[in-house]
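To keep things clear, I will list the structure first and then write my remarks on it.
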Amino acid sequence: MTPAPMIALVGNPNAGKSALFNALTGARQKVGNYPGVTVERKSGRMTLADGRPVELVDLPGAYSLDPGSPDEAVTRDVVLGHQTGEKRPSALIVVVDAGNLDNHLRFTLQLIALGLPVVVALNMVDLAERDGLKLDPQALSRDLGVPVIPTVAVRRRGLEELRAALETLVGDGSAPPHVEAPPPEDITHLQHRARAISVAATVSETPVRQITHLLDSVLLHPVGGLAILLTLFFVMFQAVFAWSEAPIGWIEGGFAALQSLISDALPDGVLRSFLVDGVIAGVGSVVVFLPQILILFFFILLLESSGYMARAAFLMDRLMARVGLNGRAFIPLLSSFACAIPGIMATRTIDDPKQRLTTILIAPLMTCSARLPVYSVIIGAFIPARNLGYGVGLQGVVWFGLYLVGILGAMIVAFVLRKTIARGASSDFMMELPKYQMPRLSDIAIGLWQRAWIFLRRAGTIIMMVTVVLWALLSFPQAPAGQNQVEQSIAGRIATGLEVVVKPIGFNHEMALAIIPAMAAREVAVSALATVYSIESGDEDETARSLGTQLQGRWSLPTALAFLMWFVFAPQCLSTIAVMRRETNGWKWPSFALAYLFGLAYVAAGATFWGATALGL
């Protein structure tokens with residue numbers, strides 16, 4: 001059977017390439033890595049207008065055939081037929097942003113010069129028209145010498161016309177002759193050609209586009225823009241506490257009622273302890289923080305879909321240049337606020353290998369969503385819900401401060417790394433700013449649902465599994481009457497040994513026990529503490545109380561602050577370390593990250609504990 005021809009989807013970042021790929025292939029997709037590199041290979045099946053199947057490969061976004069990053073190198077090699085294990089494409093779909101032809105046509109002209117069959121997808125024409133820009137696809141096709149199809153990928157407009165154009169270009173599906181990259185063309189000449197072609201294709205341009213320039217003059221101001229950025233994040237963290245109070249109470253009440261129901265239905269024994277002290281007390285103590293996680297991601301999705309996040313990266317370029325990085329590192333670090341794993345993977349777009357390594361090593365210092373349950377329970381238990389005026393709460397200020405400490409720590413570490421083991425010059429930063437647009441509520445709803453599902457699935461798998469194992473280690477062997485069950489258990493004896501190490505930084509026996517299973521996932525620290533105190537109390541009314549309420553009578557404020565500071569820095573996530581190993585092709589740098597992060601956590605927690613104690617807190 002003749003293999004299906006392969007068509008490559010190529011274009012600049014932010015051209016809507018992934019949306020077009022999803023629209024053309026639907027669910028018929030598979031993802032893997034290219035042989036020998038960590039760059040992702042995303043392919044899917046689609047059918048042409050005549051019903052023939054083809055393989056569509058979504059290549060990483062690139063700005064030119066002169067690669068400046070591992071992603072761009074793979075795109076160049078696939079297009080030229082030099083990529084190991086990949087056949088040459090039979091045709092190219094070049095995706096361009098209809099509202100930004102000047103920039104996108106430079107790469108398009110390079111690709112057309114290769115001599116491969118090319119069709120241009122003039123994408124996001126609806127947004128271009130909304131901004132007052134009207135284009136002539138026929139004139140653009142005439143100037144480029146290739147078919148040009150207007151498309152709106154997110155609304156599935158132009159797909160049939162695109163398939164029909166590809167049917168003619170692909171022909172019998174045989175691979176085209178070997179191609180080589182044309183001699184590098186002067187960038188200034190390319191810009192002039194791209195500008196001239198975009199002017200020939202532009203029918204009209206109205207003053208509506210001036211709104212973007214007006215907004216950018218404010219939001220990208222080096223002083224005012226940075227103040228707006230910090231204000232937005234400050235408001236976000238205030239909302240996380242203020243808006244989540246009621247739904248958290250509802251969830252806590254539901255779990256308390258479930259505990260009481262099971263306690264009344266089952267006799268005292270191992271099964272009841274397993275369900276009440278292990279599953280419900282452990283997993284429930286984490287699930288209650290779902291509202292805070294969703295509120296945080298609501299703001300992040302809102303800012304991303306509006307086009308603001310890319311501008312935040314532009315603003316941060318000047319600050320990051322002072323520590324040896326540039327604005328391109330901001331996007332992976334920003335992604336790490338959700339989870340360090342996609343953040344580390346996003347460093348593939350960084351061209352300089354030393355800057356990429358530095359970004360990978362500091363990504364775990366960004367406060368990921370897994371820390372939220374830990375921060376929430378400690379802040380809620382020990383920081384008064386005091387209003388500082390004008391809707392500003394003390395708890396939100398402390399939370400915002402923890403994020404700032406993580407960011408400041410990351411910048412200091414980056415500066416040290418760039419002056420020592422990752423020494424190198426800072427590279428220039430070029431980034432395309434997307435259009436401003438009103439976020440689509442349906443897209444935000446889908447994003448929130450996906451995040452909720454990931455969190456709940458994690459709570460129902462990893463967290464539950466670790467909690468159940470911890471419950472077993474805390475419950476056996478059974479302590480003789482009158483003796484403390486936790487201290488006599490297997491887990492308690494392990495914690496006793498670790499307590500010797502962490503006692504100088506203010507940690508108690510239960511905290512020593514909690515940080516061990518939290519290596520699997522940071523949230524487990526909360527479920528571990530809930531399970532420990534549930535088993536230790538043996539009182540149904542005490543077990544039904546929230547974890548924060550139980551902590552208030554057991555920990556001092558310096559101890560609680562030290563615990564918070566530990567989780568700002570400690571690398572309590574094995575999945576992150578595993579991804580770090582994959583992205584750096586070995587254990588050298590993950591081992592280094594484990595050592596320096598645990599060292600920072602120990603020093604920071606100790607300094608916090610003794611400093612707070614000296615101040616009489």
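Just remember, in the structure tokens the first chain shown is A, the second B, etc., residues are 1-based per chain, and ligands are 1-based in the order shown.
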
With only C-alpha atoms as the counted atoms, please give the residues lying no more than 8 Å from stretch 437-453 of chain A, apart from itself and same-chain residues fewer than 5 positions off, as a ChimeraX atom specification. /A:290,294,297-298,301-302,305-307

Save out the residues we just selected, N, CA, C and O atoms, as a compact mmCIF listing (two decimals), in the first residue's frame.
# COMPACT_ATOMS: atom_id res chain seq x y z
N LEU A 290 -9.92 23.82 45.07
CA LEU A 290 -10.23 23.92 43.65
C LEU A 290 -10.74 25.31 43.27
O LEU A 290 -10.34 25.85 42.23
N LEU A 294 -9.12 27.68 40.21
CA LEU A 294 -9.90 28.09 39.05
C LEU A 294 -9.94 29.62 38.93
O LEU A 294 -9.91 30.15 37.81
N PHE A 297 -6.60 30.69 37.43
CA PHE A 297 -6.50 30.39 36.00
C PHE A 297 -7.49 31.19 35.17
O PHE A 297 -7.25 31.44 33.99
N PHE A 298 -8.58 31.60 35.78
CA PHE A 298 -9.51 32.49 35.07
C PHE A 298 -8.80 33.78 34.66
O PHE A 298 -8.90 34.23 33.51
N LEU A 301 -6.03 32.95 31.91
CA LEU A 301 -6.64 32.71 30.60
C LEU A 301 -7.18 34.00 30.01
O LEU A 301 -7.10 34.23 28.80
N LEU A 302 -7.75 34.85 30.86
CA LEU A 302 -8.30 36.12 30.40
C LEU A 302 -7.19 37.00 29.82
O LEU A 302 -7.34 37.59 28.74
N SER A 305 -5.77 35.34 26.43
CA SER A 305 -6.65 35.42 25.26
C SER A 305 -6.88 36.85 24.80
O SER A 305 -7.25 37.09 23.66
N SER A 306 -6.65 37.82 25.67
CA SER A 306 -6.82 39.22 25.28
C SER A 306 -5.62 39.77 24.52
O SER A 306 -5.68 40.85 23.94
N GLY A 307 -4.51 39.03 24.54
CA GLY A 307 -3.29 39.48 23.87
C GLY A 307 -2.34 40.21 24.80
O GLY A 307 -1.31 40.73 24.36

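Checking A:Ser335, A:Gln483, A:Ser376, A:Gln292 one by one against A:Ala246, counting only C-alpha atoms, you find the shortest gap at A:Gln292.
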
Would you mind listing what lies within 8 Å of A:Thr151 as JSON, numbers by chain, with only C-alpha atoms counted and same-chain residues fewer than 4 positions away left out? {"A": [121, 122, 123, 124, 125, 156, 157, 158, 159]}

Counting only C-alpha atoms, what is within 12 Å of A:Val413, bar same-chain residues fewer than 6 positions away, as a VMD selection string? chain A and resid 320 323 to 325 358 to 365 406 to 407 419 to 422 569 593 596 to 597 600

Can you pull out every residue within 8 Å of A:Val532, counting only C-alpha atoms, but drop anything in the same chain fewer than 6 positions away, and send it as a PyMOL selection string? chain A and resi 471+474+486+510

Polymer residues at most 10 Å from stretch 377-384 of chain A, only C-alpha atoms, same-chain spacing of 4 or more positions, as a PDB file with N, CA, C and O atoms, in the first residue's frame:
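File written: around-v8.pdb
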ATOM      1  N   PHE A 241      -8.386  35.015  47.132  1.00  0.00           N
ATOM      2  CA  PHE A 241      -8.873  34.829  48.503  1.00  0.00           C
ATOM      3  C   PHE A 241     -10.320  35.304  48.653  1.00  0.00           C
ATOM      4  O   PHE A 241     -11.159  34.615  49.220  1.00  0.00           O
ATOM      5  N   SER A 285      -8.997  17.439  51.865  1.00  0.00           N
ATOM      6  CA  SER A 285      -8.258  18.630  52.294  1.00  0.00           C
ATOM      7  C   SER A 285      -7.580  19.339  51.135  1.00  0.00           C
ATOM      8  O   SER A 285      -7.239  20.520  51.240  1.00  0.00           O
ATOM      9  N   VAL A 286      -7.384  18.637  50.021  1.00  0.00           N
ATOM     10  CA  VAL A 286      -6.786  19.241  48.826  1.00  0.00           C
ATOM     11  C   VAL A 286      -7.860  19.751  47.878  1.00  0.00           C
ATOM     12  O   VAL A 286      -7.764  20.848  47.320  1.00  0.00           O
ATOM     13  N   PHE A 289      -9.517  23.347  47.702  1.00  0.00           N
ATOM     14  CA  PHE A 289      -8.845  24.527  47.146  1.00  0.00           C
ATOM     15  C   PHE A 289      -9.047  24.656  45.635  1.00  0.00           C
ATOM     16  O   PHE A 289      -8.446  25.519  45.002  1.00  0.00           O
ATOM     17  N   LEU A 372      -0.631  26.111  45.742  1.00  0.00           N
ATOM     18  CA  LEU A 372      -1.776  26.865  46.232  1.00  0.00           C
ATOM     19  C   LEU A 372      -2.429  26.248  47.467  1.00  0.00           C
ATOM     20  O   LEU A 372      -2.736  26.973  48.424  1.00  0.00           O
ATOM     21  N   PRO A 373      -2.679  24.918  47.495  1.00  0.00           N
ATOM     22  CA  PRO A 373      -3.279  24.355  48.713  1.00  0.00           C
ATOM     23  C   PRO A 373      -2.419  24.563  49.954  1.00  0.00           C
ATOM     24  O   PRO A 373      -2.938  24.828  51.041  1.00  0.00           O
ATOM     25  N   GLY A 393      -6.802  42.967  51.251  1.00  0.00           N
ATOM     26  CA  GLY A 393      -6.758  42.125  52.432  1.00  0.00           C
ATOM     27  C   GLY A 393      -5.346  41.687  52.758  1.00  0.00           C
ATOM     28  O   GLY A 393      -4.502  41.517  51.869  1.00  0.00           O
ATOM     29  N   LEU A 394      -5.074  41.496  54.037  1.00  0.00           N
ATOM     30  CA  LEU A 394      -3.736  41.095  54.475  1.00  0.00           C
ATOM     31  C   LEU A 394      -3.361  39.722  53.936  1.00  0.00           C
ATOM     32  O   LEU A 394      -2.206  39.491  53.550  1.00  0.00           O
ATOM     33  N   GLN A 395      -4.311  38.801  53.879  1.00  0.00           N
ATOM     34  CA  GLN A 395      -4.012  37.460  53.381  1.00  0.00           C
ATOM     35  C   GLN A 395      -3.575  37.504  51.917  1.00  0.00           C
ATOM     36  O   GLN A 395      -2.621  36.827  51.517  1.00  0.00           O
ATOM     37  N   GLY A 396      -4.266  38.325  51.115  1.00  0.00           N
ATOM     38  CA  GLY A 396      -3.866  38.458  49.708  1.00  0.00           C
ATOM     39  C   GLY A 396      -2.502  39.088  49.554  1.00  0.00           C
ATOM     40  O   GLY A 396      -1.733  38.725  48.663  1.00  0.00           O
ATOM     41  N   VAL A 398       0.017  38.800  51.679  1.00  0.00           N
ATOM     42  CA  VAL A 398       1.008  37.769  52.006  1.00  0.00           C
ATOM     43  C   VAL A 398       1.175  36.804  50.840  1.00  0.00           C
ATOM     44  O   VAL A 398       2.297  36.416  50.486  1.00  0.00           O
ATOM     45  N   TRP A 399       0.066  36.408  50.247  1.00  0.00           N
ATOM     46  CA  TRP A 399       0.133  35.490  49.099  1.00  0.00           C
ATOM     47  C   TRP A 399       0.911  36.131  47.953  1.00  0.00           C
ATOM     48  O   TRP A 399       1.775  35.501  47.342  1.00  0.00           O
ATOM     49  N   VAL A 526      -0.511  18.871  52.232  1.00  0.00           N
ATOM     50  CA  VAL A 526      -1.763  19.214  52.904  1.00  0.00           C
ATOM     51  C   VAL A 526      -2.522  17.949  53.297  1.00  0.00           C
ATOM     52  O   VAL A 526      -2.986  17.807  54.435  1.00  0.00           O
ATOM     53  N   SER A 546     -11.764  21.828  59.874  1.00  0.00           N
ATOM     54  CA  SER A 546     -10.844  22.073  58.770  1.00  0.00           C
ATOM     55  C   SER A 546      -9.405  21.946  59.262  1.00  0.00           C
ATOM     56  O   SER A 546      -9.115  22.141  60.451  1.00  0.00           O
ATOM     57  N   LEU A 547      -8.505  21.645  58.326  1.00  0.00           N
ATOM     58  CA  LEU A 547      -7.102  21.490  58.685  1.00  0.00           C
ATOM     59  C   LEU A 547      -6.541  22.786  59.258  1.00  0.00           C
ATOM     60  O   LEU A 547      -5.771  22.782  60.224  1.00  0.00           O
ATOM     61  N   GLY A 548      -6.926  23.913  58.665  1.00  0.00           N
ATOM     62  CA  GLY A 548      -6.435  25.196  59.150  1.00  0.00           C
ATOM     63  C   GLY A 548      -6.797  25.437  60.605  1.00  0.00           C
ATOM     64  O   GLY A 548      -5.985  25.935  61.392  1.00  0.00           O
ATOM     65  N   THR A 549      -8.012  25.065  60.982  1.00  0.00           N
ATOM     66  CA  THR A 549      -8.450  25.230  62.377  1.00  0.00           C
ATOM     67  C   THR A 549      -7.633  24.352  63.311  1.00  0.00           C
ATOM     68  O   THR A 549      -7.266  24.764  64.420  1.00  0.00           O
ATOM     69  N   GLN A 550      -7.311  23.133  62.872  1.00  0.00           N
ATOM     70  CA  GLN A 550      -6.517  22.229  63.700  1.00  0.00           C
ATOM     71  C   GLN A 550      -5.089  22.735  63.880  1.00  0.00           C
ATOM     72  O   GLN A 550      -4.482  22.571  64.935  1.00  0.00           O
ATOM     73  N   LEU A 551      -4.546  23.372  62.862  1.00  0.00           N
ATOM     74  CA  LEU A 551      -3.160  23.840  62.934  1.00  0.00           C
ATOM     75  C   LEU A 551      -2.990  25.002  63.903  1.00  0.00           C
ATOM     76  O   LEU A 551      -1.918  25.172  64.491  1.00  0.00           O
ATOM     77  N   GLN A 552      -4.028  25.800  64.074  1.00  0.00           N
ATOM     78  CA  GLN A 552      -3.906  27.014  64.882  1.00  0.00           C
ATOM     79  C   GLN A 552      -3.463  26.737  66.315  1.00  0.00           C
ATOM     80  O   GLN A 552      -2.755  27.528  66.912  1.00  0.00           O
ATOM     81  N   GLY A 553      -3.854  25.616  66.849  1.00  0.00           N
ATOM     82  CA  GLY A 553      -3.462  25.333  68.218  1.00  0.00           C
ATOM     83  C   GLY A 553      -2.210  24.500  68.345  1.00  0.00           C
ATOM     84  O   GLY A 553      -1.791  24.167  69.469  1.00  0.00           O
ATOM     85  N   TRP A 555       0.795  24.880  65.889  1.00  0.00           N
ATOM     86  CA  TRP A 555       2.004  25.501  65.356  1.00  0.00           C
ATOM     87  C   TRP A 555       2.107  26.945  65.848  1.00  0.00           C
ATOM     88  O   TRP A 555       1.110  27.638  66.022  1.00  0.00           O
ATOM     89  N   SER A 556       3.352  27.395  65.997  1.00  0.00           N
ATOM     90  CA  SER A 556       3.582  28.816  66.255  1.00  0.00           C
ATOM     91  C   SER A 556       3.640  29.540  64.912  1.00  0.00           C
ATOM     92  O   SER A 556       3.813  28.929  63.859  1.00  0.00           O
ATOM     93  N   LEU A 557       3.507  30.865  64.926  1.00  0.00           N
ATOM     94  CA  LEU A 557       3.588  31.644  63.692  1.00  0.00           C
ATOM     95  C   LEU A 557       4.956  31.510  63.024  1.00  0.00           C
ATOM     96  O   LEU A 557       5.028  31.328  61.793  1.00  0.00           O
ATOM     97  N   PRO A 558       6.101  31.585  63.754  1.00  0.00           N
ATOM     98  CA  PRO A 558       7.396  31.380  63.093  1.00  0.00           C
ATOM     99  C   PRO A 558       7.498  30.015  62.410  1.00  0.00           C
ATOM    100  O   PRO A 558       8.065  29.909  61.317  1.00  0.00           O
ATOM    101  N   ALA A 560       4.978  28.247  61.156  1.00  0.00           N
ATOM    102  CA  ALA A 560       4.134  28.280  59.963  1.00  0.00           C
ATOM    103  C   ALA A 560       4.808  29.055  58.834  1.00  0.00           C
ATOM    104  O   ALA A 560       4.780  28.630  57.677  1.00  0.00           O
ATOM    105  N   LEU A 561       5.428  30.180  59.159  1.00  0.00           N
ATOM    106  CA  LEU A 561       6.110  30.976  58.127  1.00  0.00           C
ATOM    107  C   LEU A 561       7.303  30.221  57.548  1.00  0.00           C
ATOM    108  O   LEU A 561       7.575  30.309  56.337  1.00  0.00           O
ATOM    109  N   PHE A 563       7.499  26.988  57.226  1.00  0.00           N
ATOM    110  CA  PHE A 563       6.926  25.962  56.357  1.00  0.00           C
ATOM    111  C   PHE A 563       6.552  26.562  54.997  1.00  0.00           C
ATOM    112  O   PHE A 563       6.784  25.956  53.941  1.00  0.00           O
ATOM    113  N   LEU A 564       5.979  27.758  55.021  1.00  0.00           N
ATOM    114  CA  LEU A 564       5.664  28.450  53.767  1.00  0.00           C
ATOM    115  C   LEU A 564       6.924  28.692  52.946  1.00  0.00           C
ATOM    116  O   LEU A 564       6.957  28.456  51.731  1.00  0.00           O
TER     117      LEU A 564
END

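Shortest atom-to-atom contact with A:Pro70 among A:Ala23, A:Met345, A:Val148, A:Ala265: A:Met345, counting only C-alpha atoms.
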
Between A:Asn100, A:Thr496, A:Thr559, A:Thr367, which one has atoms that come closest to A:Phe337, using only C-alpha atoms? A:Thr367

Please identify all polymer residues within 9 Å of A:Leu24, counting only C-alpha atoms, omitting same-chain residues fewer than 3 positions from it, and present them as a PDB file with N, CA, C and O atoms, in the first residue's frame.
ATOM      1  N   ALA A  19      -4.461  26.131  15.565  1.00  0.00           N
ATOM      2  CA  ALA A  19      -5.919  26.126  15.387  1.00  0.00           C
ATOM      3  C   ALA A  19      -6.285  25.552  14.025  1.00  0.00           C
ATOM      4  O   ALA A  19      -7.256  24.787  13.895  1.00  0.00           O
ATOM      5  N   LEU A  20      -5.519  25.888  12.989  1.00  0.00           N
ATOM      6  CA  LEU A  20      -5.787  25.348  11.657  1.00  0.00           C
ATOM      7  C   LEU A  20      -5.505  23.849  11.618  1.00  0.00           C
ATOM      8  O   LEU A  20      -6.254  23.075  11.002  1.00  0.00           O
ATOM      9  N   PHE A  21      -4.441  23.426  12.278  1.00  0.00           N
ATOM     10  CA  PHE A  21      -4.120  21.994  12.347  1.00  0.00           C
ATOM     11  C   PHE A  21      -5.256  21.218  13.023  1.00  0.00           C
ATOM     12  O   PHE A  21      -5.683  20.169  12.533  1.00  0.00           O
ATOM     13  N   GLY A  44      -1.239  14.491  12.155  1.00  0.00           N
ATOM     14  CA  GLY A  44      -2.626  14.048  12.120  1.00  0.00           C
ATOM     15  C   GLY A  44      -3.018  13.648  10.712  1.00  0.00           C
ATOM     16  O   GLY A  44      -2.285  13.874   9.745  1.00  0.00           O
ATOM     17  N   ARG A  45      -4.175  13.036  10.600  1.00  0.00           N
ATOM     18  CA  ARG A  45      -4.686  12.592   9.300  1.00  0.00           C
ATOM     19  C   ARG A  45      -5.766  13.551   8.828  1.00  0.00           C
ATOM     20  O   ARG A  45      -6.621  13.975   9.592  1.00  0.00           O
ATOM     21  N   MET A  46      -5.712  13.882   7.543  1.00  0.00           N
ATOM     22  CA  MET A  46      -6.760  14.691   6.934  1.00  0.00           C
ATOM     23  C   MET A  46      -7.046  14.140   5.541  1.00  0.00           C
ATOM     24  O   MET A  46      -6.262  13.353   4.996  1.00  0.00           O
ATOM     25  N   THR A  47      -8.166  14.532   4.980  1.00  0.00           N
ATOM     26  CA  THR A  47      -8.526  14.083   3.633  1.00  0.00           C
ATOM     27  C   THR A  47      -8.593  15.286   2.706  1.00  0.00           C
ATOM     28  O   THR A  47      -9.034  16.374   3.099  1.00  0.00           O
ATOM     29  N   LEU A  56      -0.726  15.243   7.864  1.00  0.00           N
ATOM     30  CA  LEU A  56      -0.435  16.657   8.085  1.00  0.00           C
ATOM     31  C   LEU A  56       0.453  16.779   9.319  1.00  0.00           C
ATOM     32  O   LEU A  56       0.103  16.286  10.396  1.00  0.00           O
ATOM     33  N   ALA A 153      -9.530  29.766  11.020  1.00  0.00           N
ATOM     34  CA  ALA A 153      -9.392  28.399  11.529  1.00  0.00           C
ATOM     35  C   ALA A 153     -10.363  28.105  12.663  1.00  0.00           C
ATOM     36  O   ALA A 153     -10.974  27.033  12.710  1.00  0.00           O
ATOM     37  N   ARG A 156     -13.627  27.419  11.245  1.00  0.00           N
ATOM     38  CA  ARG A 156     -13.604  26.418  10.174  1.00  0.00           C
ATOM     39  C   ARG A 156     -13.979  27.015   8.815  1.00  0.00           C
ATOM     40  O   ARG A 156     -14.498  26.307   7.944  1.00  0.00           O
ATOM     41  N   LEU A 159     -11.735  25.939   4.897  1.00  0.00           N
ATOM     42  CA  LEU A 159     -11.087  24.632   4.946  1.00  0.00           C
ATOM     43  C   LEU A 159     -11.280  23.847   3.656  1.00  0.00           C
ATOM     44  O   LEU A 159     -10.349  23.207   3.161  1.00  0.00           O
ATOM     45  N   ARG A 163      -8.416  22.470   1.092  1.00  0.00           N
ATOM     46  CA  ARG A 163      -8.275  21.065   0.663  1.00  0.00           C
ATOM     47  C   ARG A 163      -8.279  20.955  -0.856  1.00  0.00           C
ATOM     48  O   ARG A 163      -7.521  20.165  -1.436  1.00  0.00           O
TER      49      ARG A 163
END

Could you give me the residues within stretch 339-484 of chain A that DSSP places in alpha helix (DSSP H), as a ChimeraX atom specification? /A:340-345,353-362,372-382,394-419,441-458,464-475

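Computed from the coordinates, the atom CA of A:Ile112 to atom CA of A:Thr25 distance equals 24.3 Å.
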
Between A:Ala4, A:Val118, A:Val152, A:Ser69, single out the one closest to A:Lys87, counting only C-alpha atoms. A:Ala4

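Take the candidates A:Trp243, A:Phe330, A:Tyr403, A:Phe233 and check each one against A:Ile300 using only C-alpha atoms; the shortest distance goes to A:Phe233.
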
Residue nearest A:Phe567 - candidates A:Glu86, A:Glu245, A:Glu523, A:Glu536, atoms counted: only C-alpha atoms: A:Glu523
